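So the structure is just underneath, and the comments pick up after that.
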Amino acid sequence: MYTETTTDSALIWGAAGGIGRALVTQLAGAGWTVGAVARDSTPIAALTPHAFDADVADPLAVQRAVLAIAQELSDIKLWVYAAGDIASEKVADTKPETLQRILDANLTGALLTVQASLPLLAPDAHLFFIGAVQERMRLPGLSAYAAAKAGLEAFAEAFRKEERTRKITVVRPGAVNTPFWKKVPFRMPANALAPEAVAQKILEAYQTGQSGLLDM
C-alpha cells in the first residue's frame, strides 16, 4: 500500500474503473487532493470530494469537467489517464462504430483530456497513460484494441519529446483483474494482477521519477 503522505494534487481520468479507483483510494488515503473523473462519478463520490462526470470522447464534456476541476485543484503533480474500453470482434465483423468507440476510449480521450488539463499541471508534473503490452494483444478479435494501444504508445512517446520539463510514462501491465475480462472470450490468467498492485507500481514510479515505458 502506498504510504508516502503529501498535500499535493492528482487528477485521475477513468477513475471508476479498476485501476483508476485503486489509484484514487490509495492517493486519498495518503493525503493527496484527488480529482477523479468518470463517465459516471457516483461510485467514486465517497472516495474524494472532487469527483466529476465526463465522457472522455466528448470535447465539450472534457472542457466542462476541467473548468469545474480548476475551481478546486491547481498545480497538479500527478496526472493519470486510466480510461479505456475493449471489444472482441474479428476484422471482417468489426463495425465502424465499434472501432470508433475503442479508439475514442483508448486514444482520442487521451488527447482530449491531456490537452484540456495542461493549464492545471505543475511544471514538473508526471503524467501516466495506462497502455498494454500491445504486441501480445495482436490476437484474433482484438485488432481494434491492439491498434488503439499501439497508437497510445506512439502518441505518448511524441508527447514526451514535446514536454521537456515533465515526465511521461506509459504503463504496460499484463493481465489485470478488472471487468474488461467480461468483454472478451478469453479466460483471465491465474497470475492476473490486482488493480491495487498496478496502482502501487504507478505510485512507486511516480516516487522514483520513472519515465518512458513501465512494464509489469
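Residues in the C-alpha cells are numbered from 1 in each chain, the chains being A, B, ... in the order shown, and ligands are numbered from 1 in the order shown.
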
Could you give me, as a tab-separated table, every stretch 59-86 of chain A residue with an atom at most 10 Å from stretch 171-194 of chain A, plus its closest atom pair and distance in Å to one decimal, counting only C-alpha atoms, rows ordered by chain then number?
residue	atom	partner	partner_atom	distance
A:Ala82	CA	A:Val171	CA	9.7
A:Gly84	CA	A:Phe180	CA	9.3
A:Asp85	CA	A:Phe180	CA	7.5
A:Ile86	CA	A:Phe180	CA	6.9

I want to know what sits within 8 Å of stretch 14-26 of chain A, based on only C-alpha atoms, with residues of the same chain fewer than 2 positions away left out; could you give that as an mmCIF file with C-alpha atoms, in the first residue's frame?
data_model
loop_
_atom_site.group_PDB
_atom_site.id
_atom_site.type_symbol
_atom_site.label_atom_id
_atom_site.label_comp_id
_atom_site.auth_asym_id
_atom_site.auth_seq_id
_atom_site.Cartn_x
_atom_site.Cartn_y
_atom_site.Cartn_z
ATOM 1 C CA MET A 1 0.000 0.000 0.000
ATOM 2 C CA TYR A 2 1.207 3.491 -0.919
ATOM 3 C CA ILE A 12 -7.309 10.665 -12.445
ATOM 4 C CA ALA A 28 -6.729 9.878 -0.971
ATOM 5 C CA GLY A 29 -5.549 7.614 1.848
ATOM 6 C CA ALA A 30 -2.100 9.210 1.652
ATOM 7 C CA VAL A 34 -7.569 13.886 -5.718
ATOM 8 C CA ALA A 36 -11.461 11.944 -10.084
ATOM 9 C CA VAL A 37 -13.266 11.931 -13.424
ATOM 10 C CA ALA A 38 -15.515 9.184 -14.763
ATOM 11 C CA ARG A 39 -18.424 8.851 -17.163
ATOM 12 C CA ASP A 40 -20.499 8.333 -14.002
ATOM 13 C CA SER A 41 -18.710 9.517 -10.878
ATOM 14 C CA PRO A 43 -19.302 5.099 -7.463
ATOM 15 C CA ILE A 44 -16.280 7.222 -6.519
ATOM 16 C CA LEU A 47 -13.635 8.361 -2.107
ATOM 17 C CA THR A 48 -12.980 12.038 -2.842
ATOM 18 C CA TYR A 81 -5.295 8.570 -17.959
ATOM 19 C CA ALA A 82 -6.852 5.265 -16.890
ATOM 20 C CA ALA A 83 -9.920 5.289 -19.138
ATOM 21 C CA GLY A 84 -10.280 2.586 -21.751
ATOM 22 C CA ASN A 177 -8.296 -8.476 -12.777
ATOM 23 C CA THR A 178 -10.895 -5.943 -13.943
ATOM 24 C CA PRO A 179 -14.352 -6.170 -15.585
ATOM 25 C CA PRO A 195 -5.767 -3.293 -9.725
ATOM 26 C CA GLU A 196 -4.310 -2.288 -6.366
ATOM 27 C CA VAL A 198 -0.919 -1.849 -10.589
ATOM 28 C CA ALA A 199 -1.781 1.343 -8.732
ATOM 29 C CA GLN A 200 1.047 0.673 -6.271
#

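Going from atom CA of A:Ala68 to atom CA of A:Leu107 covers 23.1 Å.
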
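With distances restricted to only C-alpha atoms, A:Leu213 is the closest residue to A:Leu152 from A:Leu213, A:Val62, A:Ala70, A:Leu27.
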
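Shell of A:Met137 at 10 Å, with only C-alpha atoms counted and residues fewer than 4 places along the chain excluded, is Ala132, Val133, Gly141, Leu142, Ser143, Ala144, Tyr145, Ala146, Ala147, Lys149, Ala150 and Gly174 of chain A.
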
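For the pair atom CA of A:His126 and atom CA of A:Asn106, the interatomic distance is 19.2 Å.
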
*Residue list (strand (DSSP E), DSSP) for chain A, as number ranges by chain*: A: 9-13, 33-38, 50-53, 76-81, 121-130, 167-172, 212-215
